[in-house]
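**Student:** So that you have it, the file is data.txt, and it contains compact mmCIF, C-alpha atoms (C1' of nucleotides):
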# COMPACT_ATOMS: atom_id res chain seq x y z
CA MET A 1 -30.52 -0.03 -12.97
CA THR A 2 -28.84 -1.22 -16.15
CA ARG A 3 -26.34 0.76 -18.18
CA ALA A 4 -24.77 0.13 -21.56
CA ALA A 5 -21.64 -1.96 -21.24
CA PRO A 6 -19.04 0.57 -22.47
CA GLU A 7 -20.30 3.28 -20.12
CA ARG A 8 -20.31 0.95 -17.13
CA HIS A 9 -16.87 -0.24 -18.06
CA ASP A 10 -15.55 3.30 -18.04
CA ASP A 11 -17.43 4.20 -14.87
CA ILE A 12 -15.77 1.32 -13.05
CA LEU A 13 -12.39 2.25 -14.46
CA ALA A 14 -12.78 5.84 -13.32
CA ALA A 15 -13.95 4.89 -9.84
CA ALA A 16 -11.14 2.37 -9.46
CA GLY A 17 -8.64 4.98 -10.62
CA ARG A 18 -9.74 7.41 -7.93
CA ARG A 19 -9.74 4.75 -5.23
CA PHE A 20 -6.39 3.25 -6.20
CA ALA A 21 -4.82 6.70 -6.25
CA GLN A 22 -6.06 7.50 -2.79
CA SER A 23 -5.87 4.21 -0.91
CA GLY A 24 -3.63 2.07 -3.09
CA TYR A 25 -4.45 -1.15 -4.92
CA ARG A 26 -4.30 -3.34 -1.85
CA GLY A 27 -6.24 -0.80 0.19
CA THR A 28 -9.17 -0.76 -2.21
CA SER A 29 -11.81 -3.50 -2.24
CA LEU A 30 -14.13 -4.43 -5.07
CA GLN A 31 -16.91 -3.46 -2.70
CA ASP A 32 -15.52 0.09 -2.51
CA ILE A 33 -15.43 0.40 -6.28
CA ALA A 34 -18.92 -1.05 -6.65
CA ALA A 35 -20.28 1.37 -4.07
CA ASP A 36 -18.79 4.36 -5.91
CA VAL A 37 -20.20 3.17 -9.22
CA GLY A 38 -23.55 2.38 -7.66
CA CYS A 39 -23.83 -1.30 -8.43
CA SER A 40 -23.02 -4.64 -6.88
CA LYS A 41 -19.60 -6.22 -6.54
CA ALA A 42 -20.70 -8.97 -8.89
CA ALA A 43 -21.53 -6.41 -11.57
CA VAL A 44 -17.96 -5.13 -11.41
CA LEU A 45 -16.73 -8.67 -12.00
CA TYR A 46 -19.11 -9.01 -14.90
CA HIS A 47 -17.26 -6.25 -16.74
CA PHE A 48 -13.77 -7.30 -15.61
CA ALA A 49 -12.31 -10.77 -15.25
CA ASP A 50 -10.85 -9.99 -11.84
CA LYS A 51 -9.47 -7.15 -9.74
CA LYS A 52 -6.06 -7.30 -11.38
CA ALA A 53 -7.65 -6.83 -14.79
CA ILE A 54 -8.94 -3.43 -13.67
CA LEU A 55 -5.46 -2.38 -12.64
CA ALA A 56 -3.98 -3.80 -15.82
CA GLU A 57 -6.31 -1.82 -18.06
CA LEU A 58 -5.82 1.28 -15.94
CA VAL A 59 -2.05 1.24 -16.37
CA ALA A 60 -1.93 -0.21 -19.89
CA ARG A 61 -1.07 3.08 -21.62
CA PRO A 62 1.57 4.29 -19.14
CA ILE A 63 3.05 0.79 -19.16
CA ASP A 64 3.32 0.92 -22.94
CA GLN A 65 5.10 4.23 -22.73
CA LEU A 66 7.36 2.91 -19.98
CA ARG A 67 8.33 -0.05 -22.13
CA GLU A 68 9.06 2.17 -25.06
CA LEU A 69 11.22 4.35 -22.80
CA ASP A 70 13.02 1.23 -21.66
CA GLU A 71 13.89 0.38 -25.25
CA ARG A 72 15.18 3.87 -25.94
CA ILE A 73 17.39 3.69 -22.86
CA ALA A 74 18.75 0.33 -23.94
CA ALA A 75 19.60 1.77 -27.35
CA ALA A 76 21.46 4.79 -25.97
CA SER A 77 25.05 5.32 -27.09
CA GLY A 78 26.47 5.72 -23.58
CA PRO A 79 25.65 6.20 -19.89
CA ALA A 80 25.35 9.97 -20.16
CA GLU A 81 22.82 9.77 -22.97
CA ALA A 82 21.02 6.95 -21.20
CA GLN A 83 20.71 9.09 -18.10
CA GLN A 84 19.38 12.01 -20.05
CA ILE A 85 16.83 9.89 -21.90
CA ALA A 86 15.75 8.22 -18.68
CA ALA A 87 15.27 11.48 -16.81
CA GLU A 88 13.36 13.29 -19.53
CA GLY A 89 11.36 10.23 -20.48
CA PHE A 90 10.30 9.66 -16.93
CA VAL A 91 9.21 13.23 -16.51
CA ASP A 92 7.17 12.94 -19.66
CA LEU A 93 5.62 9.73 -18.40
CA ALA A 94 4.86 11.08 -14.96
CA VAL A 95 3.32 14.28 -16.26
CA ARG A 96 1.15 12.59 -18.84
CA PHE A 97 -0.14 9.90 -16.50
CA ARG A 98 -0.01 11.53 -13.11
CA ARG A 99 -2.52 9.46 -11.26
CA GLU A 100 -1.78 6.14 -12.88
CA THR A 101 1.92 6.27 -12.17
CA ALA A 102 1.15 7.23 -8.59
CA PHE A 103 -0.35 3.89 -7.59
CA LEU A 104 1.69 2.07 -10.19
CA ARG A 105 4.71 3.06 -8.19
CA GLY A 106 3.00 2.49 -4.87
CA GLU A 107 2.33 -1.14 -5.66
CA PHE A 108 5.61 -1.66 -7.44
CA PRO A 109 7.57 -4.16 -5.36
CA GLY A 110 5.06 -6.94 -5.08
CA LEU A 111 2.99 -6.36 -8.15
CA PHE A 112 5.47 -6.47 -10.99
CA GLN A 113 6.69 -9.90 -9.99
CA GLN A 114 3.47 -11.69 -10.84
CA PRO A 115 1.26 -12.04 -13.92
CA PRO A 116 0.22 -10.21 -15.97
CA PHE A 117 3.12 -7.86 -15.23
CA SER A 118 5.97 -10.37 -15.00
CA HIS A 119 7.44 -9.41 -18.35
CA LEU A 120 8.18 -5.92 -16.98
CA GLN A 121 10.38 -7.09 -14.13
CA HIS A 122 13.62 -5.88 -15.66
CA ILE A 123 12.47 -2.30 -16.23
CA PRO A 124 12.98 -0.84 -12.75
CA ASP A 125 16.50 -2.23 -12.72
CA ARG A 126 17.26 -0.73 -16.10
CA LEU A 127 15.83 2.62 -15.03
CA ALA A 128 17.81 2.66 -11.79
CA GLN A 129 20.91 1.70 -13.73
CA ALA A 130 20.36 4.48 -16.22
CA PHE A 131 19.81 7.03 -13.48
CA ALA A 132 22.89 5.87 -11.64
CA GLY A 133 24.94 5.99 -14.83
CA HIS A 134 27.34 8.60 -13.52
CA SER A 135 28.32 7.11 -10.23
CA ASP A 136 30.97 9.78 -9.73
CA ARG A 137 28.25 12.39 -9.35
CA PRO A 138 26.38 11.38 -6.22
CA ALA A 139 24.26 14.49 -6.09
CA ALA A 140 23.03 14.05 -9.63
CA ARG A 141 22.35 10.43 -8.85
CA VAL A 142 20.40 11.34 -5.76
CA ALA A 143 18.50 14.04 -7.56
CA ALA A 144 17.56 11.86 -10.48
CA LEU A 145 16.42 9.03 -8.27
CA VAL A 146 14.44 11.36 -6.08
CA ILE A 147 12.72 12.61 -9.16
CA LEU A 148 12.18 9.11 -10.45
CA ALA A 149 10.42 8.12 -7.29
CA GLY A 150 8.69 11.28 -6.31
CA ILE A 151 7.13 12.95 -9.28
CA ALA A 152 4.10 10.85 -9.83
CA GLU A 153 2.58 10.69 -6.41
CA THR A 154 3.43 14.27 -5.64
CA CYS A 155 1.82 15.59 -8.75
CA GLY A 156 -1.31 13.63 -8.05
CA GLU A 157 -1.62 14.64 -4.43
CA PHE A 158 -0.46 18.18 -4.02
CA ILE A 159 0.02 20.00 -7.28
CA ASP A 160 -2.68 21.33 -9.51
CA LEU A 161 -0.71 22.82 -12.35
CA PRO A 162 -1.73 22.49 -15.99
CA GLU A 163 0.44 20.14 -18.02
CA THR A 164 1.75 23.06 -20.07
CA GLU A 165 3.28 24.56 -16.93
CA LEU A 166 4.22 21.40 -15.10
CA ARG A 167 6.18 19.72 -17.85
CA PRO A 168 8.70 22.51 -18.61
CA ALA A 169 9.11 23.18 -14.91
CA LEU A 170 9.99 19.57 -14.24
CA LEU A 171 12.30 19.38 -17.24
CA ALA A 172 14.16 22.47 -16.08
CA LEU A 173 14.51 20.89 -12.67
CA VAL A 174 15.81 17.62 -14.08
CA ARG A 175 18.38 19.32 -16.31
CA ARG A 176 19.52 21.38 -13.39
CA ALA A 177 19.67 18.35 -11.08
CA LEU A 178 21.76 16.42 -13.58
CA GLU A 179 24.46 19.07 -13.63
CA PRO A 180 27.40 18.10 -11.44
CA VAL A 181 27.46 19.54 -7.95
CA THR A 182 30.84 20.85 -6.89
CA MET B 1 12.40 -21.59 21.77
CA THR B 2 12.14 -18.81 24.33
CA ARG B 3 14.05 -15.52 24.20
CA ALA B 4 14.31 -12.65 26.68
CA ALA B 5 11.52 -10.14 26.18
CA PRO B 6 13.59 -7.09 25.13
CA GLU B 7 15.46 -9.05 22.46
CA ARG B 8 12.27 -10.54 21.05
CA HIS B 9 10.68 -7.13 21.08
CA ASP B 10 13.52 -5.70 19.02
CA ASP B 11 13.60 -8.72 16.71
CA ILE B 12 9.94 -8.23 15.90
CA LEU B 13 10.44 -4.51 15.40
CA ALA B 14 13.32 -5.11 13.01
CA ALA B 15 11.47 -7.76 11.01
CA ALA B 16 8.38 -5.56 10.79
CA GLY B 17 10.51 -2.64 9.66
CA ARG B 18 11.97 -4.65 6.80
CA ARG B 19 8.58 -6.03 5.76
CA PHE B 20 6.77 -2.69 5.98
CA ALA B 21 9.49 -1.04 3.91
CA GLN B 22 9.21 -3.63 1.19
CA SER B 23 5.53 -4.49 1.04
CA GLY B 24 3.87 -1.67 2.94
CA TYR B 25 1.87 -1.81 6.15
CA ARG B 26 -1.26 -3.20 4.57
CA GLY B 27 0.73 -5.65 2.49
CA THR B 28 2.39 -7.22 5.51
CA SER B 29 0.62 -9.76 7.71
CA LEU B 30 1.41 -10.66 11.30
CA GLN B 31 2.11 -14.13 9.95
CA ASP B 32 4.87 -12.72 7.71
CA ILE B 33 6.51 -10.96 10.63
CA ALA B 34 6.23 -14.01 12.85
CA ALA B 35 7.78 -16.20 10.17
CA ASP B 36 10.77 -13.85 9.82
CA VAL B 37 11.28 -13.74 13.57
CA GLY B 38 10.85 -17.49 13.85
CA CYS B 39 7.92 -17.65 16.23
CA SER B 40 4.13 -17.85 16.13
CA LYS B 41 1.74 -15.04 15.28
CA ALA B 42 0.42 -15.19 18.83
CA ALA B 43 3.91 -14.56 20.19
CA VAL B 44 4.09 -11.34 18.19
CA LEU B 45 0.84 -10.24 19.78
CA TYR B 46 2.21 -11.14 23.17
CA HIS B 47 4.90 -8.46 22.79
CA PHE B 48 2.68 -5.90 21.05
CA ALA B 49 -0.93 -4.99 21.76
CA ASP B 50 -1.87 -5.11 18.08
CA LYS B 51 -0.45 -4.61 14.61
CA LYS B 52 -0.83 -0.84 14.76
CA ALA B 53 1.26 -0.74 17.95
CA ILE B 54 4.21 -2.14 16.00
CA LEU B 55 3.90 0.59 13.41
CA ALA B 56 3.44 3.23 16.11
CA GLU B 57 6.63 2.25 17.90
CA LEU B 58 8.49 1.96 14.62
CA VAL B 59 7.69 5.53 13.61
CA ALA B 60 7.71 7.09 17.08
CA ARG B 61 11.08 8.81 16.71
CA PRO B 62 10.60 10.17 13.18
CA ILE B 63 7.13 11.31 14.22
CA ASP B 64 8.59 13.21 17.14
CA GLN B 65 11.06 14.91 14.84
CA LEU B 66 8.29 15.66 12.34
CA ARG B 67 6.22 17.30 15.06
CA GLU B 68 9.16 19.38 16.19
CA LEU B 69 9.73 20.44 12.58
CA ASP B 70 6.08 21.39 12.36
CA GLU B 71 6.48 23.69 15.35
CA ARG B 72 9.54 25.34 13.88
CA ILE B 73 7.68 25.96 10.62
CA ALA B 74 4.76 27.47 12.49
CA ALA B 75 7.15 29.81 14.30
CA ALA B 76 8.86 31.04 11.13
CA SER B 77 8.90 34.76 10.47
CA GLY B 78 7.60 34.53 6.90
CA PRO B 79 6.82 32.21 3.98
CA ALA B 80 10.36 32.25 2.63
CA GLU B 81 11.86 31.23 5.95
CA ALA B 82 9.10 28.66 6.45
CA GLN B 83 9.92 27.14 3.10
CA GLN B 84 13.60 26.97 3.89
CA ILE B 85 13.00 25.38 7.29
CA ALA B 86 10.55 22.91 5.81
CA ALA B 87 12.87 21.83 3.01
CA GLU B 88 15.98 21.42 5.13
CA GLY B 89 14.07 19.87 8.01
CA PHE B 90 12.47 17.34 5.75
CA VAL B 91 15.77 16.37 4.24
CA ASP B 92 17.18 15.90 7.70
CA LEU B 93 14.21 13.79 8.68
CA ALA B 94 14.30 11.68 5.56
CA VAL B 95 18.01 11.02 5.75
CA ARG B 96 18.00 10.13 9.41
CA PHE B 97 15.02 7.79 9.18
CA ARG B 98 15.17 6.53 5.64
CA ARG B 99 13.24 3.34 5.99
CA GLU B 100 10.71 4.51 8.52
CA THR B 101 9.64 7.53 6.48
CA ALA B 102 9.36 5.30 3.44
CA PHE B 103 6.36 3.35 4.66
CA LEU B 104 5.22 6.23 6.81
CA ARG B 105 4.60 8.09 3.61
CA GLY B 106 3.27 5.06 1.82
CA GLU B 107 0.47 4.60 4.32
CA PHE B 108 -0.09 8.29 4.79
CA PRO B 109 -3.59 8.98 3.47
CA GLY B 110 -5.58 6.45 5.43
CA LEU B 111 -3.39 5.98 8.44
CA PHE B 112 -3.03 9.47 9.87
CA GLN B 113 -6.76 9.92 10.13
CA GLN B 114 -7.25 7.30 12.81
CA PRO B 115 -5.86 6.66 16.30
CA PRO B 116 -3.19 6.72 17.51
CA PHE B 117 -2.10 9.15 14.82
CA SER B 118 -5.11 11.46 14.70
CA HIS B 119 -3.34 14.32 16.45
CA LEU B 120 -0.92 14.59 13.52
CA GLN B 121 -3.57 15.23 10.88
CA HIS B 122 -2.69 18.88 10.37
CA ILE B 123 1.01 18.30 9.68
CA PRO B 124 0.90 17.31 6.01
CA ASP B 125 -1.23 20.36 5.29
CA ARG B 126 1.21 22.63 7.07
CA LEU B 127 4.15 21.06 5.26
CA ALA B 128 2.50 21.37 1.87
CA GLN B 129 1.60 24.97 2.69
CA ALA B 130 5.17 25.75 3.69
CA PHE B 131 6.57 24.16 0.55
CA ALA B 132 4.10 26.01 -1.61
CA GLY B 133 4.89 29.29 0.18
CA HIS B 134 6.18 30.99 -2.94
CA SER B 135 3.34 30.35 -5.29
CA ASP B 136 4.81 32.69 -7.91
CA ARG B 137 7.65 30.23 -8.42
CA PRO B 138 6.01 27.13 -9.84
CA ALA B 139 9.29 25.34 -10.54
CA ALA B 140 10.51 25.79 -7.00
CA ARG B 141 7.15 24.64 -5.77
CA VAL B 142 7.28 21.57 -7.96
CA ALA B 143 10.82 20.80 -6.95
CA ALA B 144 10.19 21.18 -3.26
CA LEU B 145 7.10 18.99 -3.38
CA VAL B 146 8.85 16.39 -5.45
CA ILE B 147 11.57 16.28 -2.86
CA LEU B 148 9.06 16.20 -0.04
CA ALA B 149 7.38 13.17 -1.50
CA GLY B 150 10.25 11.34 -3.04
CA ILE B 151 13.26 11.33 -0.80
CA ALA B 152 12.31 8.75 1.72
CA GLU B 153 11.20 5.88 -0.42
CA THR B 154 13.88 6.47 -2.99
CA CYS B 155 16.66 6.46 -0.47
CA GLY B 156 15.38 3.27 1.02
CA GLU B 157 14.95 1.45 -2.24
CA PHE B 158 17.69 2.47 -4.59
CA ILE B 159 20.47 4.41 -2.94
CA ASP B 160 23.14 3.03 -0.74
CA LEU B 161 25.07 6.14 0.18
CA PRO B 162 26.38 6.81 3.67
CA GLU B 163 24.58 9.54 5.55
CA THR B 164 27.63 11.76 5.41
CA GLU B 165 27.42 11.82 1.63
CA LEU B 166 23.66 11.71 1.22
CA ARG B 167 22.77 14.59 3.49
CA PRO B 168 24.95 17.31 1.91
CA ALA B 169 24.01 16.08 -1.56
CA LEU B 170 20.32 16.40 -0.78
CA LEU B 171 20.75 19.78 0.87
CA ALA B 172 22.60 21.07 -2.16
CA LEU B 173 19.81 19.80 -4.33
CA VAL B 174 17.13 21.43 -2.21
CA ARG B 175 18.90 24.79 -2.15
CA ARG B 176 19.32 24.60 -5.89
CA ALA B 177 15.71 23.60 -6.45
CA LEU B 178 14.45 26.47 -4.35
CA GLU B 179 16.21 29.03 -6.51
CA PRO B 180 13.82 30.64 -8.96
CA VAL B 181 13.77 29.24 -12.46
CA THR B 182 13.75 31.87 -15.17
C1' DT C 1 -46.09 -10.92 -28.47
C1' DC C 2 -42.54 -13.68 -27.51
C1' DG C 3 -37.85 -15.47 -27.19
C1' DG C 4 -33.11 -14.46 -26.50
C1' DC C 5 -29.39 -11.98 -24.96
C1' DA C 6 -27.07 -8.57 -22.13
C1' DT C 7 -26.88 -6.81 -17.62
C1' DC C 8 -27.25 -7.27 -12.93
C1' DT C 9 -28.26 -9.11 -8.12
C1' DG C 10 -28.03 -11.68 -3.58
C1' DA C 11 -26.33 -15.60 -1.72
C1' DC C 12 -22.59 -18.16 -1.19
C1' DC C 13 -17.59 -20.10 -1.23
C1' DG C 14 -12.76 -20.77 0.45
C1' DA C 15 -8.87 -18.14 1.94
C1' DT C 16 -6.76 -14.93 4.76
C1' DC C 17 -6.77 -11.31 7.84
C1' DG C 18 -6.17 -9.35 12.89
C1' DG C 19 -6.99 -10.81 17.26
C1' DT C 20 -8.29 -14.05 21.46
C1' DC C 21 -7.80 -17.84 24.55
C1' DA C 22 -6.60 -21.80 27.42
C1' DG C 23 -3.04 -24.24 28.33
C1' DG C 24 2.12 -25.99 27.99
C1' DC C 25 6.84 -25.39 29.14
C1' DA C 26 10.94 -23.53 30.99
C1' DT C 27 13.19 -20.81 34.40
C1' DG C 28 14.19 -19.13 38.82
C1' DC C 29 12.83 -18.00 43.51
C1' DT C 30 11.25 -19.80 48.08
C1' DA D 1 10.59 -29.98 45.74
C1' DG D 2 7.05 -27.02 44.68
C1' DC D 3 5.23 -22.95 43.00
C1' DA D 4 4.80 -18.62 40.43
C1' DT D 5 5.95 -16.08 36.62
C1' DG D 6 7.32 -15.08 31.85
C1' DC D 7 7.29 -16.72 27.25
C1' DC D 8 5.14 -19.14 23.83
C1' DT D 9 1.97 -22.38 21.06
C1' DG D 10 -2.06 -24.32 18.39
C1' DA D 11 -6.67 -23.87 17.95
C1' DC D 12 -10.10 -20.96 17.25
C1' DC D 13 -13.11 -16.62 16.31
C1' DG D 14 -15.59 -13.07 13.47
C1' DA D 15 -14.77 -10.04 9.67
C1' DT D 16 -13.49 -9.20 5.17
C1' DC D 17 -11.37 -10.30 1.08
C1' DG D 18 -11.61 -11.85 -4.16
C1' DG D 19 -14.34 -14.61 -6.81
C1' DT D 20 -18.45 -17.87 -8.37
C1' DC D 21 -23.10 -19.06 -9.49
C1' DA D 22 -28.04 -19.56 -10.41
C1' DG D 23 -31.45 -16.95 -11.36
C1' DA D 24 -34.05 -12.30 -11.81
C1' DT D 25 -34.79 -8.27 -14.74
C1' DG D 26 -35.08 -5.45 -18.65
C1' DC D 27 -34.43 -4.45 -23.47
C1' DC D 28 -34.66 -5.41 -28.41
C1' DG D 29 -35.33 -7.71 -32.70
C1' DA D 30 -38.21 -11.26 -35.06
Would you mind writing the file's structure down as structure tokens?
**Tutor:**
Amino acid sequence: MTRAAPERHDDILAAAGRRFAQSGYRGTSLQDIAADVGCSKAAVLYHFADKKAILAELVARPIDQLRELDERIAAASGPAEAQQIAAEGFVDLAVRFRRETAFLRGEFPGLFQQPPFSHLQHIPDRLAQAFAGHSDRPAARVAALVILAGIAETCGEFIDLPETELRPALLALVRRALEPVT
Amino acid sequence: MTRAAPERHDDILAAAGRRFAQSGYRGTSLQDIAADVGCSKAAVLYHFADKKAILAELVARPIDQLRELDERIAAASGPAEAQQIAAEGFVDLAVRFRRETAFLRGEFPGLFQQPPFSHLQHIPDRLAQAFAGHSDRPAARVAALVILAGIAETCGEFIDLPETELRPALLALVRRALEPVT
DNA sequence: TCGGCATCTGACCGATCGGTCAGGCATGCT
DNA sequence: AGCATGCCTGACCGATCGGTCAGATGCCGA
């Protein structure tokens, strides 16, 4: 059963996306993906150079947005503005790419230290730094970091709200969380 | 180099805890653990029946507390009380067992569906149900679920606050998040 | 009709995984 | 001294992983 290359390509991408989101990158084998698509493991590797290339293409767009967010944080005028940009930018990122950011975060520690993701190593540090900008407000710090870590996976697993509802709800939460707690 | 059994046992447990927290259960090999402890892979399997037994012992106490929380939620008088119990109980759990809950959550989907964890299958559903108790308050629902998913890993990875500071900060955040958003 | 290219398959490879096993070595009791 | 027991090792096993390869199959233009 032969399919046109672009369709197959997208089929594999979609199947891998579902599998990665549910079982993680390491927990998904090429065999699993092939079985979902309905072809052989070798066929998957005909359309993609290797397993990492599937992941790379799957997270290419959220990664681009993450990098752009990183630049905006770096260009902020002070820690307060950096924190605000980081919080809102991350919400935007998480809402727009729910599933991708889920396993992107799940595989974070090991994955971003090797090619082709090595050039992104500094980003988590910068994000954490931005979120922790106001170290005299521990609650805000906690809240922001909780949000940073939790949004993506949660949205993918439990919540089924349309983006039009989810985004303002999350933004309201972030703004509220960033207020100082007395 | 021979050590007394209880010490070795705890050494292995500690090394596994660090590795699991950083690279996940699936991403950690018995070889890694053995190398950290300074013994052979076979020695690890002399002190533990298999790899899953290490994980099981590592999460035994948080699991117990999770099960007790589950019972308290089930015994709540209504959805509002259930939500409150769930939120505060989960914070308590996450703060007390930061690192354990981190990889406990990371391996959640696949792991709780097979022995020796099968009897806990219903708990995530009950938790999610409790958190989503007030479905007419989407922001509160989002916030609670974000917290549910995010606390553990975040605390383990980014935050280095003493428990005495972290716990009240998180509780304040939860209470605030559970208030309706206009 | 025929040749060429894109798509795909089954068999195979080396590496690594979790787990097993027979035996070595130290310690401590008899 | 001799023996049993507890702790540990290196070698090994089958399974599975990501990845390769030669060749089969089907489609499409000349």
**Student:** My list of candidates is B:Gly27, B:Pro79, B:Pro62, B:Gly17. Which is closest to chain A when distances are computed with all atoms listed in the file?
**Tutor:**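 That would be B:Gly27, the residue with the smallest distance to chain A.
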**Student:** Calculate how many Å separate atom CA of B:Lys51 from atom CA of B:Leu93, rounding to one decimal.
**Tutor:**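 Between these atoms lies a distance of 24.3 Å.
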**Student:** Got a sec to pull out which chain C residues are within 9 Å of chain A, counting only C-alpha atoms (C1' of nucleotides), and send them as a list of chain:residue names?
**Tutor:**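 Taking only C-alpha atoms (C1' of nucleotides) into account, C:DA6, C:DT7, C:DC8, C:DT9 sit within 9 Å of chain A.
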**Student:** For chain D against chain B, with a cut-off of 12 Å and counting all atoms listed in the file, what is the closest atom pair and its distance in Å to one decimal for every residue that makes the cut, ordered by chain and number, as JSON lines?
**Tutor:**
{"residue": "D:DG6", "atom": "C1'", "partner": "B:Ala5", "partner_atom": "CA", "distance": 8.6}
{"residue": "D:DC7", "atom": "C1'", "partner": "B:Thr2", "partner_atom": "CA", "distance": 6.0}
{"residue": "D:DC8", "atom": "C1'", "partner": "B:Ala43", "partner_atom": "CA", "distance": 6.0}
{"residue": "D:DT9", "atom": "C1'", "partner": "B:Ser40", "partner_atom": "CA", "distance": 7.0}
{"residue": "D:DG10", "atom": "C1'", "partner": "B:Ser40", "partner_atom": "CA", "distance": 9.2}
{"residue": "D:DA11", "atom": "C1'", "partner": "B:Ala42", "partner_atom": "CA", "distance": 11.2}
**Student:** For the residues in that selection, give me C-alpha atoms (C1' of nucleotides) as a short mmCIF file (atom, residue, chain, number, x, y, z; two decimals), keeping the file's coordinate frame.
**Tutor:**
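So the final result, stored in out_27.cif, reads:
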data_model
loop_
_atom_site.label_atom_id
_atom_site.label_comp_id
_atom_site.auth_asym_id
_atom_site.auth_seq_id
_atom_site.Cartn_x
_atom_site.Cartn_y
_atom_site.Cartn_z
"C1'" DG D 6 7.32 -15.08 31.85
"C1'" DC D 7 7.29 -16.72 27.25
"C1'" DC D 8 5.14 -19.14 23.83
"C1'" DT D 9 1.97 -22.38 21.06
"C1'" DG D 10 -2.06 -24.32 18.39
"C1'" DA D 11 -6.67 -23.87 17.95
#
**Student:** Provide the atom C1' of C:DG18 to atom CA of B:Arg99 distance in Å, to one decimal place.
**Tutor:**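 Computed distance, atom C1' of C:DG18 to atom CA of B:Arg99, equals 24.2 Å.
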**Student:** Could you check the closest approach to chain B for each of A:Gly24, A:Pro6, A:Gly38, A:Gly78 and tell me which residue wins, using all atoms listed in the file?
**Tutor:**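 Of A:Gly24, A:Pro6, A:Gly38, A:Gly78, the one nearest chain B, counting all atoms listed in the file, is A:Gly24.
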**Student:** Got a sec: who's within 12 Å of D:DA22, counting only C-alpha atoms (C1' of nucleotides), leaving out chain neighbours fewer than 4 positions off, as a list in words?
**Tutor:**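 Near neighbours after the sequence-gap exclusion: DT9, DG10, DA11 and DC12 of chain C.
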**Student:** Quick one: pull the distance between atom CA of B:Arg18 and atom CA of A:His119, Å, one decimal.
**Tutor:**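 Interatomic distance, atom CA of B:Arg18 to atom CA of A:His119: 26.0 Å.
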**Student:** I need the residue nearest chain B from this list: A:Ile63, A:Ala56, A:Thr28, A:Ala49. Use only C-alpha atoms for the distance.
**Tutor:**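 Result for the nearest residue to chain B: A:Thr28.
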